[in-house]
Amino acid sequence: MFKINKRTDLLVEVSFFSSFFRSRIYSLFIIGIAFSISGNAQKIICGDIDHNGSTAAQRFTSSDSSQIYVELNNGRKIYGKSLAVIDQNLKTRIKIDDTLLNIKETRGYYANGVLYARIGGAYSTYAQRVISGKINIYWADYSNQPNQANARNSTAFTYAFVDCMYYAQKGDSAELISLTTFKHLKELVKDCPKSLSMIDKSDKEIRQAIKNNSSYLKEIISIYNSDCQ
Amino acid sequence: MKITSLRDAIINVLLPIFFGSLIYFIAFAVDIAPSVKNYLPDALWAYSLVSAILIVWSRKIEVFWITCIFVLAAFFETVQYFNLFPGTGDVIDLLVYFSSFAIGILMNNFFRKNFQNLKPHKHE
């Protein structure tokens with residue numbers, strides 16, 4: 001049996017307390033770092049930029065065929081008196097008079113004063129132009145509507161998750177790029193000091209500004225589009 | 001730190017943070033689905049957080065610390081919602097965090113067995 005002297009006692013105590021605290025200190029440190037970086041997502045959420053209407057499947061008619069056209073990928077325009085965007089079996093098609101086209105064959109369409117551009121990739125749909133100028137802003141909604149039947153009382157109920165996205169286009173023939181954060185918007189307007197001063201703020205200040213003025217982000221873009229006046 | 005824990009930390013903490021950051025920073029230029037763009041970085045952040053906590057505790061589920069991160073996630077989303085803290089309060093973000101925490105906890109046994117070379121706890 002060995003003697004436990006005072007020095008060993010002290011080492012055992014120090015070792016015990018350091019292992020007792022080590023994991024807790026590490027945990028506190030990890031949580032502190034994690035939550036301090038998590039709050040910096042300055043997202044532009046649905047509704048931050050004013051928009052009206054819907055980009056869901058729509059139909060348009062006009063007696064004046066110059067008011068409705070579809071623009072193909074090669075730039076050619078097909079005019080007509082009726083246009084319908086059809087979502088069928090997860091495929092989107094567009095029908096102008098009797099011509100049926102796949103969405104991927106088109107660049108966009110124009111109907112009764114409003115321009116719609118195709119958003120590419122796997123999520124082909126049309127986005128509606130809501131702001132025109134040096135920077136065009138488009139808006140598209142993505143609605144997911146799962147259905148669920150309640151077997152007990154045969155009642156089917158639906159719930160919808162609606163997400164919407166904004167897209168920016170610098171120049172009428174440029175690619176549409178998604179606009180998801182205030183940082184993206186700041187990047188777009190950086191060569192206009194007046195617009196930049198409105199967006200170059202903390203997330204809290206911008207959110208408060210939007211709360212006080214629902215057209216705040218729209219004004220930033222409008223100032224840019226008006227030659228920074 | 002043991003090599004096994006280091007590999008565990010690289011796979012379950014550093015890589016998710018890296019990919020989440022990558023998605024966040026390239027979202028501007030690349031066509032990615034809105035749900036992915038908005039929520040996958042958050043999901044990866046939450047998964048890496050719960051994994052970090054589990055690894056610190058040698059993959060033993062410490063109820064107190066796991067509960068802390070659930071409670072803090074709810075608290076921070078609430079204060080962001082009321083503009084008391086930088087960020088955008090979003091209930092879907094909260095669902096994403098909780099789901100990712102749950103996935104991390106459910107995967108705990110697997111990683112514990114493969115990286116810590118310890119038997120799974122009976123109560124798991």
# chains A, B, ... in the order shown; residues from 1 in each chain; ligands from 1
>>> residues_around(residues="Tyr97 in chain B", least_positions_apart="4", cutoff="7 Å", atoms="only C-alpha atoms", output="PyMOL selection string")
chain B and resi 42-43+46+93+101
>>> residues_around(residues="Leu106 in chain B", least_positions_apart="6", cutoff="12 Å", atoms="only C-alpha atoms", output="list in words")
Tyr47, Val50, Ser51, Leu54, Arg59, Ile61, Ser99, Ser100, Arg112, Pro120 and Glu124 of chain B
>>> write_last_selection(atoms="C-alpha atoms", output="PDB file, in the first residue's frame")
ATOM      1  CA  TYR B  47     -25.294  19.489 -37.370  1.00  0.00           C
ATOM      2  CA  VAL B  50     -24.337  19.170 -32.070  1.00  0.00           C
ATOM      3  CA  SER B  51     -21.467  17.011 -33.330  1.00  0.00           C
ATOM      4  CA  LEU B  54     -20.974  15.276 -28.651  1.00  0.00           C
ATOM      5  CA  ARG B  59     -19.838  10.930 -27.853  1.00  0.00           C
ATOM      6  CA  ILE B  61     -25.055  12.238 -24.767  1.00  0.00           C
ATOM      7  CA  SER B  99     -34.009  18.399 -37.312  1.00  0.00           C
ATOM      8  CA  SER B 100     -30.247  18.689 -37.746  1.00  0.00           C
ATOM      9  CA  ARG B 112     -19.147   6.521 -31.542  1.00  0.00           C
ATOM     10  CA  PRO B 120     -22.952   2.232 -27.647  1.00  0.00           C
ATOM     11  CA  GLU B 124     -29.404   5.002 -26.759  1.00  0.00           C
TER      12      GLU B 124
END
